[in-house]
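Working notes, beginning with the structure itself.
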Amino acid sequence: MTAKLSGIPETLLIPLWARAVEGEEPDPIVRDDKAAEMVRQIEYDFAKFAKARLSQLGVAIRTMLLDRATSDFLRRNPDGVVVNLGAGLDTRRHRLGVETDWYEPDLAESLELRRRFFEETDRYRFLTASVFDTEWMEKVDDAGRPVLLIAEGLCIVRLPFIRSRIAPRIARLRFEQSTEGGDES
Ligand SMILES: C[S@@+](CC[C@H](N)C(=O)[O-])C[C@H]1O[C@@H](n2cnc3c(N)ncnc32)[C@H](O)[C@@H]1O
């Protein structure tokens, strides 16, 4: 399989690679066999990331923290809904083995790649959208249930104000009972 990506969507390969190689550590912070499988299947020069081991460690730690935050949210809200903004090729729903209602809004080019590896179901939906639009919000069927908004790695893609400005506004506009999760960068 060849991944012909450029610009912003290509950045989704970095956290994918980071989670995949973390599994090769003797005592991995996270284990992500599906990420490793995708790295094997995508024809791309992942070797060029090899020097970024510090970033790789950062992604592994961020992944672990957001996995925990998501598990905590679902423990406290078994009927909660997860919205994973800019999901890229993230595998959190599979890693956590949950069946909860889960949405992954992302740009068309990224979702095109995602669809090669993941199948949508009634409870697992991909939304072609930019976080700067509002139409996607209406497609999230939360029915007043608590919503977890995750923006992992989205903030470092030249969008540092997503956490400080956009996520709170999404919460105010549409999801009254939301919780945010994302990186601090
Ligand atoms: C660095 S990747 C992170 C992917 C994933 N969250 C992860 O941790 O593996 C950034 C993702 O944000 C998406 N993205 C960038 N700008 C976006 C926007 N305006 N709206 C929605 N998604 C966006 C990209 O397509 C890509 O999937």
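Going by the structure tokens order, chains are called A, B, ..., each with residues numbered from 1, while ligands are numbered from 1 in the order shown.
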
| query | Can you list, as a list of chain:residue names, every residue of region 13-177 of chain A that DSSP puts in strand (DSSP E or B)? | reply |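 The residues of region 13-177 of chain A classed as strand (DSSP E or B) are A:Glu43, A:Val81, A:Val82, A:Val83, A:Asn84, A:Trp102, A:Tyr103, A:Glu104, A:Pro105, A:Asp106, A:Thr121, A:Tyr124, A:Arg125, A:Phe126, A:Leu127, A:Thr128, A:Val147, A:Leu148, A:Leu149, A:Ile150, A:Ala151.
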
Using only C-alpha atoms, please write the residues we just selected to a file, as a PDB file, in the first residue's frame.
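The result, written out as selection-v6.pdb:
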```pdb
ATOM      1  CA  GLU A  43       4.520   2.086   1.992  1.00  0.00           C
ATOM      2  CA  VAL A  81     -19.874   9.708  23.930  1.00  0.00           C
ATOM      3  CA  VAL A  82     -16.306  10.201  22.674  1.00  0.00           C
ATOM      4  CA  VAL A  83     -15.403  12.714  19.933  1.00  0.00           C
ATOM      5  CA  ASN A  84     -11.811  12.249  18.787  1.00  0.00           C
ATOM      6  CA  TRP A 102     -17.477   7.231  19.202  1.00  0.00           C
ATOM      7  CA  TYR A 103     -16.963   9.863  16.473  1.00  0.00           C
ATOM      8  CA  GLU A 104     -13.794  10.732  14.563  1.00  0.00           C
ATOM      9  CA  PRO A 105     -14.001  14.042  12.675  1.00  0.00           C
ATOM     10  CA  ASP A 106     -11.015  14.641  10.381  1.00  0.00           C
ATOM     11  CA  THR A 121     -20.371   0.917  12.436  1.00  0.00           C
ATOM     12  CA  TYR A 124     -18.278   4.232  15.375  1.00  0.00           C
ATOM     13  CA  ARG A 125     -18.579   7.060  12.871  1.00  0.00           C
ATOM     14  CA  PHE A 126     -16.096   9.061  10.806  1.00  0.00           C
ATOM     15  CA  LEU A 127     -17.070  12.645   9.967  1.00  0.00           C
ATOM     16  CA  THR A 128     -15.421  14.492   7.091  1.00  0.00           C
ATOM     17  CA  VAL A 147     -19.259  14.014  25.752  1.00  0.00           C
ATOM     18  CA  LEU A 148     -15.479  13.677  25.871  1.00  0.00           C
ATOM     19  CA  LEU A 149     -13.684  15.882  23.313  1.00  0.00           C
ATOM     20  CA  ILE A 150     -10.164  14.667  22.510  1.00  0.00           C
ATOM     21  CA  ALA A 151      -7.771  16.823  20.447  1.00  0.00           C
TER      22      ALA A 151
END
```

| task | Using only C-alpha atoms and all ligand atoms, find each protein or nucleic acid residue lying at most 8 Å from ligand 1; present the set as a VMD selection string. | result | chain A and resid 8 to 16 59 63 84 to 91 105 to 111 129 to 132 151 to 154 156 to 157 159

| request: May I ask which of the residues A:Ala18, A:Met137, A:Ala143, A:Val98 is the closest one to Ala52 (chain A), counting only C-alpha atoms? | output: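 Going through A:Ala18, A:Met137, A:Ala143, A:Val98 one by one, the smallest distance to Ala52 (chain A) is for A:Ala18.
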
| Using only C-alpha atoms: which of A:Asp67, A:Gln56, A:His94, A:Ala20 has the shortest distance to Phe117 (chain A) |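 The shortest atom-to-atom distance to Phe117 (chain A) comes from A:His94.
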
| said: Ranking A:Arg92, A:Lys48, A:Arg53, A:Arg31 by minimum distance to Ala69 (chain A) and counting only C-alpha atoms, which one comes first? | reply: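 Of the candidates, the smallest distance to Ala69 (chain A) is held by A:Arg92.
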
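With only C-alpha atoms as the atoms that count, the minimum distance from Asp101 (chain A) to the choices A:Arg145, A:Arg76, A:Arg116, A:Arg40 is reached by A:Arg145.
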